[in-house]
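Below: the structure, in structure tokens.
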Amino acid sequence: MRHRAYQTLARNWFLFGLFLSLVMGMLLPGAATLLNPGGRTSTAVVVVLFLVAGFTLPAEQIKGGLTNFKLHLYIQIFIFAVIPLYFFLTAPLFRGYLDGYLVYGMYALAVLPTTISTCVVFTQTTGGNTFGALFNSAVANVAGIFLSPLLLSLFLAGSGAALPPEEILAVLLTLTYTMLIPIGLGQALRLRFAKTAGRVKKRLSEASSALVLVIVFLTISRTASDPSFLGQLPQLVVPFIFLAASHVLLVTLAYLGARVIGLSWEDRVCAMYTAPQKTMAMGIPLLTVYFAARPEVLALALFPLLFYHPFQLLTAGVIRGLPSFRRVRSTD
């Protein structure tokens, strides 16, 4: 029994860690003031995260991956157009939640790229087009460094959280030296130490996940010092139900849409896992930079992503284990 509990904890340590980070952030309000003076700690963590991302990101897959252009175009349009449009139309229903900041969080979730590795793992273990998942996750995460904040600025235009043009340029500049340059440096190191990159990828991925938890803790701790913060949390029940239903809907649309345009079963599986997922590994650092000047917005804007990420893993796991879904593969 104890061994089984240990295995469960080892497999799901990030989800347990996410819950613990949230709880500890609420129990230690203001700790971020000591641990993150002037935001320097979170900035350093972001730089390290993207240095690691550059070292482990299989961007070389982009070079020879353009042949299946129908699949790639479909997935990128779904990530950066279909999902943002869906939330742009539906998120305003929740303007009355968390002083309106929850809508900002849904917009932020909508414009993020796909997961870096999870979509690949589920595609591979289900028998889908693994190369397609690798290619599209690499393209989306590189493009998302600039596309995501630009789309978010477009959605927030006219709202209290909208950034003026000069601040948007400042954010893009910050993203360049905290994300793009570290990714470029990581890629240069990858070219020099390609074998090492493959050998330590899993360990570095786990280290990156741990650093994401550090940012979550610092963010929640800083916001929890506001006495009204905890009182607002019960408002999240209905929005979380909406996000769960939305993800199931988007997964279904991704698969059926791929079928309508004539993609193979392997490509449909790739699209189903890759197109609807959203990355926490890139999302939290990106939003940390974007809302750096609005800490009262940041924590509340993170809640949609903090819920969506574990739920998409649960959904993908359920789909992978469906006997009926596997039967489709054998008869398609």
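For the structure tokens, the naming scheme is as follows: chains receive sequential letters (A, B, ...) according to their order of presentation, residues are indexed from 1 within each chain, and ligands are indexed from 1 in presentation order.
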Selection: 12 Å around A:Ala81, only C-alpha atoms, excl. self and same-chain fewer than 3 positions, as a PDB file with C-alpha atoms, in the first residue's frame:
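See out24.pdb below for the written result:
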```pdb
ATOM      1  CA  LEU A  73      -1.668  24.932 -40.701  1.00  0.00           C
ATOM      2  CA  TYR A  74      -4.750  23.398 -39.089  1.00  0.00           C
ATOM      3  CA  ILE A  75      -3.106  23.086 -35.674  1.00  0.00           C
ATOM      4  CA  GLN A  76      -1.561  26.580 -35.684  1.00  0.00           C
ATOM      5  CA  ILE A  77      -4.860  28.185 -36.748  1.00  0.00           C
ATOM      6  CA  PHE A  78      -6.670  26.252 -34.021  1.00  0.00           C
ATOM      7  CA  PRO A  84      -8.772  32.809 -28.887  1.00  0.00           C
ATOM      8  CA  LEU A  85     -11.958  33.577 -30.838  1.00  0.00           C
ATOM      9  CA  TYR A  86     -13.945  31.084 -28.737  1.00  0.00           C
ATOM     10  CA  PHE A  87     -12.851  32.681 -25.460  1.00  0.00           C
ATOM     11  CA  PHE A  88     -13.158  36.203 -26.851  1.00  0.00           C
ATOM     12  CA  ALA A 110      -6.737  31.505 -24.826  1.00  0.00           C
ATOM     13  CA  VAL A 111      -3.714  33.066 -26.534  1.00  0.00           C
ATOM     14  CA  LEU A 112      -1.045  30.727 -25.131  1.00  0.00           C
ATOM     15  CA  PRO A 113       0.704  28.123 -27.315  1.00  0.00           C
ATOM     16  CA  LEU A 147       2.058  36.293 -30.807  1.00  0.00           C
ATOM     17  CA  SER A 148       0.616  35.613 -27.340  1.00  0.00           C
ATOM     18  CA  LEU A 151      -3.119  38.860 -29.073  1.00  0.00           C
ATOM     19  CA  ALA A 275      -4.328  21.979 -30.716  1.00  0.00           C
ATOM     20  CA  PRO A 276      -6.510  22.365 -27.551  1.00  0.00           C
TER      21      PRO A 276
END
```
When you look at A:Ala293 with a cut-off of 12 Å (counting only C-alpha atoms), what residues show up, excluding the ones that are within fewer than 3 positions of it in the same chain? I need them as an MDAnalysis selection string.
chainID A and resid 38:39 161:163 167:168 170:171 287:290 296:298
d(atom CA of A:Met280, atom CA of A:Ala91) in Å
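Atom CA of A:Ala91 lies at a distance of 19.5 Å from atom CA of A:Met280.
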Å distance separating atom CA of A:Gly283 from atom CA of A:Gln124, one decimal place:
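Atom-to-atom, atom CA of A:Gly283 and atom CA of A:Gln124 are spaced 23.5 Å apart.
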